[in-house]
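Visitor: I am sharing input21.txt, which consists of compact mmCIF, C-alpha atoms:
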```
# COMPACT_ATOMS: atom_id res chain seq x y z
CA MET A 745 14.58 -15.67 -45.03
CA PHE A 746 14.84 -18.52 -47.46
CA ALA A 747 11.20 -19.33 -47.16
CA GLN A 748 10.02 -17.23 -50.06
CA THR A 749 12.76 -18.16 -52.46
CA ARG A 750 12.33 -21.78 -51.71
CA LYS A 751 8.59 -21.76 -52.08
CA THR A 752 8.39 -19.74 -55.23
CA ALA A 753 11.42 -20.83 -57.15
CA ASP A 754 12.07 -24.30 -56.02
CA GLU A 755 8.91 -25.94 -55.01
CA HIS A 756 7.51 -26.90 -58.34
CA GLU A 757 10.74 -28.17 -59.78
CA GLN A 758 12.52 -29.45 -56.74
CA PRO A 759 11.21 -32.44 -54.92
CA PRO A 760 11.69 -32.18 -51.18
CA SER A 761 14.60 -34.10 -49.86
CA HIS A 762 13.59 -37.54 -48.92
CA VAL A 763 15.61 -40.13 -47.12
CA GLY A 764 13.76 -43.24 -48.19
CA ARG A 765 13.06 -46.32 -46.22
CA GLY A 766 15.95 -48.37 -47.50
CA LEU A 767 18.48 -45.61 -47.16
CA LYS A 768 21.00 -45.44 -44.40
CA VAL A 769 22.96 -42.24 -44.03
CA THR A 770 25.96 -41.87 -41.80
CA GLY A 771 27.20 -38.33 -41.45
CA VAL A 772 25.98 -34.79 -41.68
CA LEU A 773 22.90 -33.70 -43.61
CA ASP A 774 22.80 -29.99 -44.23
CA ILE A 775 19.80 -28.49 -45.95
CA ASP A 776 18.28 -25.07 -46.37
CA GLY A 777 14.80 -26.45 -46.53
CA ASP A 778 12.65 -29.39 -45.62
CA LEU A 779 13.75 -32.92 -45.05
CA TYR A 780 11.63 -36.02 -44.83
CA VAL A 781 13.27 -39.02 -43.25
CA ALA A 782 11.88 -42.52 -43.54
CA GLY A 783 15.18 -44.32 -43.36
CA THR A 784 18.05 -44.51 -40.98
CA VAL A 785 20.28 -41.58 -40.15
CA SER A 786 23.11 -41.55 -37.72
CA GLY A 787 24.89 -38.30 -37.38
CA ARG A 788 23.57 -34.82 -37.62
CA ILE A 789 20.74 -33.10 -39.44
CA ASN A 790 20.64 -29.36 -40.02
CA ALA A 791 17.44 -28.25 -41.69
CA HIS A 792 14.60 -25.80 -41.70
CA ARG A 793 11.91 -28.37 -41.09
CA VAL A 794 12.37 -32.04 -40.43
CA VAL A 795 9.83 -34.83 -40.45
CA LEU A 796 10.99 -38.07 -38.96
CA SER A 797 8.39 -40.50 -40.20
CA PRO A 798 7.11 -43.55 -38.29
CA GLU A 799 9.57 -45.84 -40.05
CA SER A 800 12.54 -43.61 -39.37
CA ASN A 801 15.36 -44.42 -37.06
CA VAL A 802 17.55 -41.47 -36.25
CA GLU A 803 20.48 -41.26 -33.95
CA GLY A 804 22.37 -38.08 -33.24
CA ASP A 805 21.60 -34.39 -33.30
CA VAL A 806 18.85 -32.59 -35.14
CA VAL A 807 18.99 -28.81 -35.45
CA ALA A 808 15.98 -27.20 -37.09
CA ASN A 809 13.24 -24.65 -36.76
CA GLU A 810 10.57 -27.24 -36.68
CA VAL A 811 10.70 -30.94 -36.00
CA HIS A 812 7.98 -33.55 -36.32
CA LEU A 813 8.85 -36.73 -34.58
CA GLU A 814 6.97 -39.85 -35.48
CA GLY A 815 9.62 -42.50 -35.39
CA ARG A 816 12.45 -43.74 -33.30
CA PHE A 817 14.91 -41.14 -32.19
CA ASN A 818 17.93 -41.27 -29.98
CA GLY A 819 19.92 -38.12 -29.36
CA ARG A 820 19.31 -34.44 -29.11
CA ILE A 821 16.90 -32.11 -30.82
CA PHE A 822 17.40 -28.36 -30.99
CA ALA A 823 14.29 -26.78 -32.42
CA LEU A 824 11.95 -23.90 -31.80
CA ALA A 825 8.88 -26.01 -32.35
CA VAL A 826 8.83 -29.71 -31.68
CA THR A 827 5.89 -32.01 -32.23
CA VAL A 828 6.14 -35.48 -30.83
CA GLU A 829 3.51 -37.70 -32.38
CA SER A 830 1.98 -40.71 -30.72
CA SER A 831 4.07 -43.15 -32.72
CA ALA A 832 7.32 -41.60 -31.59
CA ASN A 833 9.87 -43.25 -29.42
CA VAL A 834 12.35 -40.71 -28.14
CA THR A 835 15.40 -41.10 -26.01
CA GLY A 836 17.47 -38.07 -25.18
CA LYS A 837 17.02 -34.36 -24.90
CA ILE A 838 14.64 -32.05 -26.69
CA PHE A 839 15.73 -28.43 -26.51
CA HIS A 840 12.67 -26.49 -27.51
CA ASN A 841 10.73 -23.30 -27.30
CA THR A 842 7.37 -24.86 -27.88
CA VAL A 843 6.71 -28.54 -27.70
CA SER A 844 3.71 -30.78 -27.95
CA VAL A 845 3.65 -34.43 -27.11
CA ALA A 846 0.83 -36.65 -28.23
CA ARG A 847 -0.68 -39.24 -26.00
CA GLY A 848 0.99 -42.56 -26.61
CA ALA A 849 4.40 -41.20 -27.42
CA ARG A 850 7.27 -42.71 -25.55
CA VAL A 851 9.65 -40.10 -24.32
CA ASP A 852 12.63 -40.98 -22.21
CA GLY A 853 14.75 -38.00 -21.36
CA ARG A 854 14.59 -34.31 -20.71
CA MET A 855 12.87 -31.50 -22.54
CA PRO A 856 14.62 -28.29 -21.55
CA TRP A 857 12.90 -25.07 -22.55
CA ARG A 858 15.00 -22.35 -24.15
CA PRO A 859 14.15 -18.81 -25.24
CA PRO A 860 14.05 -18.12 -28.98
CA SER A 861 17.34 -16.24 -28.75
CA TYR A 862 19.02 -19.47 -27.75
CA PHE A 863 18.20 -20.99 -31.11
CA GLU A 864 19.18 -17.91 -33.05
CA THR A 865 22.66 -17.99 -31.70
CA LEU A 866 22.97 -21.70 -32.02
CA THR A 867 25.94 -21.98 -34.31
CA GLN A 868 27.72 -24.61 -32.33
CA LEU A 869 26.07 -27.28 -30.32
CA PRO A 870 26.56 -26.45 -26.69
CA GLU A 871 27.59 -29.67 -25.10
CA THR A 872 28.78 -32.95 -26.39
CA ARG A 873 26.81 -36.00 -25.71
CA PRO A 874 27.88 -38.15 -22.82
CA MET B 245 23.47 -22.45 -40.22
CA SER B 246 23.04 -19.77 -37.68
CA SER B 247 21.23 -17.66 -40.18
CA MET B 248 18.40 -20.11 -40.43
CA PHE B 249 17.10 -19.00 -37.12
CA THR B 250 17.38 -15.32 -37.63
CA ARG B 251 13.99 -14.66 -39.06
CA ASN B 252 12.02 -15.95 -36.18
CA ASP B 253 11.18 -12.87 -34.26
CA LYS B 254 10.59 -10.70 -37.24
CA GLY B 255 6.91 -10.11 -37.19
CA PRO B 256 4.72 -12.10 -39.52
CA GLU B 257 6.00 -15.38 -40.69
CA THR B 258 6.91 -15.72 -44.30
CA PRO B 259 5.93 -19.32 -45.02
CA PRO B 260 2.65 -19.09 -46.87
CA ALA B 261 -0.56 -20.77 -45.89
CA PRO B 262 0.18 -21.76 -42.35
CA ALA B 263 -3.35 -22.78 -41.67
CA ALA B 264 -4.45 -23.34 -45.22
CA LYS B 265 -3.92 -27.05 -45.16
CA PRO B 266 -4.22 -28.75 -41.86
CA GLY B 267 -3.39 -31.81 -43.87
CA GLU B 268 -4.21 -35.36 -43.13
CA ARG B 269 -2.58 -35.19 -39.80
CA THR B 270 -5.06 -35.53 -37.05
CA GLU B 271 -2.82 -36.69 -34.29
CA PRO B 272 -1.24 -33.58 -32.90
CA ALA B 273 -4.38 -32.32 -31.27
CA PRO B 274 -3.22 -30.66 -28.10
CA THR B 275 -6.61 -30.80 -26.52
CA PRO B 276 -5.87 -29.69 -23.01
CA GLN B 277 -4.78 -26.17 -22.22
CA ALA B 278 -4.39 -24.65 -25.59
CA THR B 279 -4.18 -21.42 -23.68
CA ALA B 280 -1.15 -22.50 -21.74
CA GLU B 281 0.97 -21.90 -24.79
CA PRO B 282 2.93 -18.77 -24.02
CA VAL B 283 3.42 -17.48 -27.52
CA LYS B 284 1.32 -18.39 -30.48
CA ARG B 285 4.10 -19.27 -32.81
CA PRO B 286 3.07 -19.67 -36.41
CA LEU B 287 6.08 -21.88 -36.89
CA ALA B 288 4.32 -24.61 -35.07
CA SER B 289 1.80 -24.94 -37.82
CA ALA B 290 1.63 -28.66 -37.90
CA GLN B 291 1.87 -28.70 -41.62
CA PRO B 292 3.45 -31.93 -42.66
CA ILE B 293 6.02 -32.12 -45.36
CA ALA B 294 4.47 -34.33 -47.94
CA ALA B 295 6.35 -37.43 -48.83
CA ALA B 296 6.31 -36.50 -52.45
CA SER B 297 8.44 -39.26 -53.78
CA PRO B 298 7.28 -42.83 -53.80
CA ARG B 299 8.29 -45.10 -50.99
CA GLY B 300 11.82 -46.26 -51.05
CA VAL B 301 13.18 -43.80 -53.54
CA SER B 302 15.43 -41.36 -51.81
CA VAL B 303 15.89 -37.85 -53.07
CA ILE B 304 18.82 -35.70 -52.15
CA SER B 305 17.53 -32.36 -53.34
CA ARG B 306 19.57 -29.44 -54.51
CA ALA B 307 19.54 -27.71 -51.17
CA LEU B 308 20.81 -30.74 -49.32
CA LYS B 309 24.44 -31.35 -48.62
CA ILE B 310 25.52 -34.60 -47.08
CA THR B 311 28.87 -35.32 -45.57
CA GLY B 312 29.13 -39.00 -44.94
CA GLN B 313 27.98 -42.29 -46.26
CA LEU B 314 24.78 -43.24 -48.01
CA GLU B 315 23.74 -46.81 -48.28
CA SER B 316 20.47 -47.99 -49.67
CA SER B 317 18.88 -51.16 -50.91
CA GLU B 318 16.75 -49.06 -53.22
CA ASP B 319 17.19 -46.12 -55.53
CA ILE B 320 18.80 -42.79 -54.82
CA GLN B 321 18.41 -39.64 -56.82
CA ILE B 322 21.03 -37.05 -56.06
CA GLU B 323 20.52 -33.43 -57.01
CA GLY B 324 22.55 -31.94 -54.21
CA GLU B 325 26.03 -32.45 -52.92
CA VAL B 326 27.46 -35.55 -51.32
CA ASN B 327 30.90 -35.80 -49.82
CA GLY B 328 31.29 -39.47 -49.21
CA ASP B 329 30.45 -42.81 -50.65
CA VAL B 330 27.10 -43.72 -52.14
CA ARG B 331 25.88 -47.24 -52.53
CA ALA B 332 22.46 -48.19 -53.82
CA ALA B 333 20.63 -50.28 -56.36
CA VAL B 334 20.22 -47.45 -58.82
CA VAL B 335 21.98 -44.14 -58.35
CA ARG B 336 21.06 -41.14 -60.45
CA VAL B 337 23.28 -38.13 -60.18
CA GLY B 338 21.37 -35.26 -61.71
CA ALA B 339 22.68 -32.27 -63.58
CA GLY B 340 24.11 -29.83 -61.09
CA ALA B 341 24.67 -32.49 -58.51
CA LYS B 342 28.10 -33.26 -57.17
CA VAL B 343 29.52 -36.31 -55.51
CA ASN B 344 32.98 -36.59 -54.04
CA GLY B 345 33.58 -40.24 -53.43
CA THR B 346 32.80 -43.66 -54.73
CA VAL B 347 29.41 -44.29 -56.27
CA SER B 348 28.52 -47.93 -56.55
CA GLY B 349 25.48 -49.91 -57.46
CA GLU B 350 23.82 -51.98 -60.10
CA GLU B 351 23.21 -48.97 -62.22
CA VAL B 352 24.67 -45.49 -62.13
CA GLU B 353 23.40 -42.70 -64.29
CA LEU B 354 25.50 -39.59 -64.26
CA SER B 355 24.39 -36.19 -65.48
CA GLY B 356 26.26 -34.18 -62.90
CA THR B 357 29.71 -34.35 -61.45
CA ILE B 358 31.52 -37.16 -59.73
CA GLU B 359 35.01 -36.86 -58.39
CA GLY B 360 36.02 -40.27 -57.28
CA LYS B 361 35.01 -43.56 -58.69
CA ILE B 362 32.08 -45.36 -60.21
CA GLU B 363 31.61 -49.05 -59.65
CA ALA B 364 28.51 -50.32 -61.32
CA LYS B 365 27.23 -53.01 -63.57
CA LYS B 366 25.65 -50.53 -65.89
CA VAL B 367 26.94 -47.01 -66.25
CA VAL B 368 25.32 -44.23 -68.23
CA LEU B 369 27.07 -40.93 -68.76
CA THR B 370 24.84 -38.29 -70.28
CA SER B 371 26.01 -35.29 -72.24
CA SER B 372 26.28 -33.13 -69.15
CA ALA B 373 28.25 -35.67 -67.16
CA HIS B 374 31.56 -34.70 -65.64
CA MET B 375 33.52 -37.64 -64.36
CA GLU B 376 36.89 -37.39 -62.73
CA GLY B 377 38.11 -40.80 -61.78
CA ASP B 378 37.94 -44.38 -62.82
CA ILE B 379 34.87 -46.24 -63.91
CA VAL B 380 34.55 -49.92 -63.17
CA HIS B 381 31.69 -51.28 -65.24
CA GLN B 382 30.32 -54.13 -67.18
CA ASP B 383 28.21 -52.16 -69.56
CA ILE B 384 28.69 -48.50 -70.32
CA ALA B 385 26.97 -45.86 -72.40
CA ILE B 386 28.56 -42.49 -73.00
CA GLN B 387 26.74 -39.66 -74.67
CA SER B 388 28.52 -37.12 -76.77
CA GLY B 389 29.60 -34.24 -74.58
CA ALA B 390 30.37 -36.21 -71.48
CA TYR B 391 33.65 -35.40 -69.80
CA ILE B 392 35.73 -38.27 -68.49
CA ALA B 393 39.11 -38.05 -66.88
CA GLY B 394 39.99 -41.52 -65.78
CA ARG B 395 40.18 -45.10 -66.83
CA LEU B 396 37.36 -47.29 -67.95
CA GLN B 397 37.69 -50.75 -66.57
CA PRO B 398 35.22 -53.35 -67.81
CA GLU B 399 35.83 -55.47 -64.79
CA TYR B 400 32.76 -55.11 -62.67
CA GLY B 401 32.00 -58.39 -61.00
CA LYS B 402 35.29 -59.93 -62.06
CA THR B 403 37.62 -58.45 -59.49
CA ASN B 404 37.23 -57.72 -55.86
CA VAL B 405 34.31 -55.42 -56.46
CA GLN B 406 31.45 -56.58 -54.32
CA PRO B 407 28.06 -56.72 -55.94
CA LEU B 408 25.39 -54.87 -54.05
CA LYS B 409 23.66 -56.95 -51.47
CA ALA B 410 20.11 -55.84 -51.80
CA LYS B 411 18.39 -56.26 -48.51
CA ALA B 412 15.30 -54.34 -47.64
CA GLU B 413 14.81 -53.77 -43.98
```
For this file, produce the structure as structure tokens.
Guide:
Amino acid sequence: MFAQTRKTADEHEQPPSHVGRGLKVTGVLDIDGDLYVAGTVSGRINAHRVVLSPESNVEGDVVANEVHLEGRFNGRIFALAVTVESSANVTGKIFHNTVSVARGARVDGRMPWRPPSYFETLTQLPETRP
Amino acid sequence: MSSMFTRNDKGPETPPAPAAKPGERTEPAPTPQATAEPVKRPLASAQPIAAASPRGVSVISRALKITGQLESSEDIQIEGEVNGDVRAAVVRVGAGAKVNGTVSGEEVELSGTIEGKIEAKKVVLTSSAHMEGDIVHQDIAIQSGAYIAGRLQPEYGKTNVQPLKAKAE
């Protein structure tokens, strides 16, 4: 729904949000678009698409349509499409509809499949982390 | 937030050029059983978000809202909304951006709105700046048109204000 507006109106003037390498964010990141993380985040990310770069270190929950995991992650991911790259190091749960894991990725945890409707109705995260 | 998922089963996907640029990414080649995928979901177009800004510089774009703390050894450019404290070497708060909290660093350039406090060695308020709160500084520049409601204290580095410990990880 926001895809067109974002692409046409914003893209040329707005740089994508970028959490740089030296940046450490504690808290909630809420964005109606794309987020590139190269730094450290602990907390929660709500976005359309998220790229967690090889240098990133993220702890907490990520809710998005699409997630690219290349760095260190500890927590839960709720996303329709998840791509775990070979450089990724994941601990936790990946709630997904489609997932791909590259050879070499380290994944420790569960990857429960959910129907698309699950993500549509995902207004509140279902269970708290142990 | 719930609305972000609503468009997914509505026919053709709106994001343009799903396959136009496969990009530089070669890794996610799911070689075995490409057919095992139940639904060909255009969402999964492995189209990377380009890291448009140079390394180290963090950009909080207009669409991004952060609740919490930001701490960086490098520069931060804020165009969105931050509820919480920001600490970095150089902080630029762009026009339209809003920060509720303390902004500290070596240099703070304000074109947007801050409700809270600025603690910086060098402070620049441009004509569109809207500052509600005190400014602790050593060196300040205020353009005509800037709004300030608060005290200016030229005491940066003299009192208990901690200088930024720059430490790249």
Visitor: My list of candidates is A:Leu767, A:Val807, A:Val785, A:Val802. Which is closest to Ala832 of chain A when distances are computed with only C-alpha atoms?
Guide: A:Val802
Visitor: When you look at Ala849 of chain A with a cut-off of 10 Å (counting all atoms listed in the file), what residues show up, excluding the ones that are within fewer than 3 positions of it in the same chain? I need them as number ranges by chain.
Guide: A: 813-815, 828-834, 845-846, 852
Visitor: To one decimal place in Å, what is the distance between atom CA of Arg395 of chain B and atom CA of Thr346 of chain B?
Guide: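 Atom-to-atom, atom CA of Arg395 of chain B to atom CA of Thr346 of chain B, that is 14.2 Å.
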Visitor: To one decimal place in Å, what is the distance between atom CA of Val337 of chain B and atom CA of Asn801 of chain A?
Guide: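 Computing it gives 25.2 Å between the two atoms.
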Visitor: What is the atom CA of Ser371 of chain B to atom CA of Thr311 of chain B distance in Å?
Guide: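 Atom CA of Thr311 of chain B lies at a distance of 26.8 Å from atom CA of Ser371 of chain B.
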Visitor: Mind checking which residues fall within 7 Å of Gly804 of chain A, counting all atoms listed in the file, ignoring those fewer than 2 positions away in the same chain, and posting them as a ChimeraX atom specification?
Guide: /A:786-788,802,806,818-820
Visitor: Report the closest atom pair, with its distance in Å rounded to one decimal, for each residue of chain A that has an atom no farther than 8 Å from chain B; count all atoms listed in the file, sort by chain and then rising residue number, and write it as CSV.
Guide:
```
residue,atom,partner,partner_atom,distance
A:Met745,CA,B:Arg251,CA,6.1
A:Ala747,CA,B:Pro259,CA,5.7
A:Gln748,CA,B:Thr258,CA,6.7
A:Lys751,CA,B:Pro259,CA,7.9
A:Gln758,CA,B:Ser305,CA,6.7
A:Pro759,CA,B:Ser305,CA,6.5
A:Pro760,CA,B:Ser305,CA,6.2
A:Ser761,CA,B:Ser305,CA,4.9
A:His762,CA,B:Val303,CA,4.8
A:Val763,CA,B:Ser302,CA,4.9
A:Gly764,CA,B:Ser302,CA,4.4
A:Arg765,CA,B:Gly300,CA,5.0
A:Gly766,CA,B:Ser316,CA,5.0
A:Leu767,CA,B:Ser316,CA,4.0
A:Lys768,CA,B:Glu315,CA,4.9
A:Val769,CA,B:Leu314,CA,4.5
A:Thr770,CA,B:Gln313,CA,4.9
A:Gly771,CA,B:Gly312,CA,4.0
A:Val772,CA,B:Thr311,CA,4.9
A:Leu773,CA,B:Ile310,CA,4.4
A:Asp774,CA,B:Lys309,CA,4.9
A:Ile775,CA,B:Leu308,CA,4.2
A:Asp776,CA,B:Ala307,CA,5.6
A:Gly777,CA,B:Ala307,CA,6.8
A:Asp778,CA,B:Ile293,CA,7.2
A:Leu779,CA,B:Ile293,CA,7.8
A:Tyr780,CA,B:Ala295,CA,6.8
A:Asn790,CA,B:Met245,CA,7.5
A:His792,CA,B:Met248,CA,7.0
A:Val795,CA,B:Ile293,CA,6.8
A:Asn809,CA,B:Phe249,CA,6.9
A:Glu810,CA,B:Ala288,CA,7.0
A:His812,CA,B:Pro292,CA,8.0
A:Ala825,CA,B:Ala288,CA,5.5
A:Val826,CA,B:Ala288,CA,7.6
A:Thr827,CA,B:Pro272,CA,7.3
A:Val828,CA,B:Pro272,CA,7.9
A:Glu829,CA,B:Pro272,CA,6.3
A:Ser830,CA,B:Glu271,CA,7.2
A:Thr842,CA,B:Glu281,CA,7.7
A:Ser844,CA,B:Pro274,CA,6.9
A:Val845,CA,B:Pro272,CA,7.6
A:Ala846,CA,B:Pro272,CA,6.0
A:Pro860,CA,B:Asn252,CA,7.8
A:Phe863,CA,B:Phe249,CA,6.4
A:Glu864,CA,B:Phe249,CA,4.7
A:Thr865,CA,B:Ser246,CA,6.3
A:Leu866,CA,B:Ser246,CA,6.0
A:Thr867,CA,B:Ser246,CA,5.0
```
Visitor: May I ask which of the residues B:Thr370, B:Gln382, B:Gln397, B:Ser355 is the closest one to Gly340 of chain B, counting only C-alpha atoms?
Guide: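 When distances to Gly340 of chain B are compared using only C-alpha atoms, the smallest one comes from B:Ser355.
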Visitor: So, counting only C-alpha atoms, which residue among B:Val368, B:Val380, B:Ile362, B:Val334 is closest to Val347 of chain B?
Guide: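 Nearest candidate to Val347 of chain B out of B:Val368, B:Val380, B:Ile362, B:Val334: B:Ile362.
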Visitor: Can you fill out segment 769-780 of chain A with N, CA and C atoms and hand it back as a PDB file, in the coordinates of the input?
Guide:
```pdb
ATOM      1  N   VAL A 769      21.996 -43.315 -43.881  1.00  0.00           N
ATOM      2  CA  VAL A 769      22.960 -42.240 -44.030  1.00  0.00           C
ATOM      3  C   VAL A 769      23.779 -42.132 -42.754  1.00  0.00           C
ATOM      4  N   THR A 770      25.076 -42.090 -42.928  1.00  0.00           N
ATOM      5  CA  THR A 770      25.960 -41.870 -41.800  1.00  0.00           C
ATOM      6  C   THR A 770      26.707 -40.572 -42.067  1.00  0.00           C
ATOM      7  N   GLY A 771      26.496 -39.580 -41.241  1.00  0.00           N
ATOM      8  CA  GLY A 771      27.200 -38.330 -41.450  1.00  0.00           C
ATOM      9  C   GLY A 771      26.316 -37.121 -41.212  1.00  0.00           C
ATOM     10  N   VAL A 772      26.656 -36.059 -41.890  1.00  0.00           N
ATOM     11  CA  VAL A 772      25.980 -34.790 -41.680  1.00  0.00           C
ATOM     12  C   VAL A 772      25.074 -34.470 -42.860  1.00  0.00           C
ATOM     13  N   LEU A 773      23.834 -34.140 -42.576  1.00  0.00           N
ATOM     14  CA  LEU A 773      22.900 -33.700 -43.610  1.00  0.00           C
ATOM     15  C   LEU A 773      22.613 -32.233 -43.379  1.00  0.00           C
ATOM     16  N   ASP A 774      22.929 -31.434 -44.367  1.00  0.00           N
ATOM     17  CA  ASP A 774      22.800 -29.990 -44.230  1.00  0.00           C
ATOM     18  C   ASP A 774      21.857 -29.504 -45.305  1.00  0.00           C
ATOM     19  N   ILE A 775      20.754 -28.911 -44.929  1.00  0.00           N
ATOM     20  CA  ILE A 775      19.800 -28.490 -45.950  1.00  0.00           C
ATOM     21  C   ILE A 775      19.130 -27.190 -45.558  1.00  0.00           C
ATOM     22  N   ASP A 776      18.943 -26.347 -46.555  1.00  0.00           N
ATOM     23  CA  ASP A 776      18.280 -25.070 -46.370  1.00  0.00           C
ATOM     24  C   ASP A 776      16.806 -25.229 -46.690  1.00  0.00           C
ATOM     25  N   GLY A 777      16.190 -26.211 -46.172  1.00  0.00           N
ATOM     26  CA  GLY A 777      14.800 -26.450 -46.530  1.00  0.00           C
ATOM     27  C   GLY A 777      14.238 -27.599 -45.706  1.00  0.00           C
ATOM     28  N   ASP A 778      13.346 -28.336 -46.340  1.00  0.00           N
ATOM     29  CA  ASP A 778      12.650 -29.390 -45.620  1.00  0.00           C
ATOM     30  C   ASP A 778      13.273 -30.745 -45.900  1.00  0.00           C
ATOM     31  N   LEU A 779      13.195 -31.577 -44.911  1.00  0.00           N
ATOM     32  CA  LEU A 779      13.750 -32.920 -45.050  1.00  0.00           C
ATOM     33  C   LEU A 779      12.754 -33.923 -44.487  1.00  0.00           C
ATOM     34  N   TYR A 780      12.526 -34.949 -45.262  1.00  0.00           N
ATOM     35  CA  TYR A 780      11.630 -36.020 -44.830  1.00  0.00           C
ATOM     36  C   TYR A 780      12.471 -37.272 -44.679  1.00  0.00           C
TER      37      TYR A 780
END
```
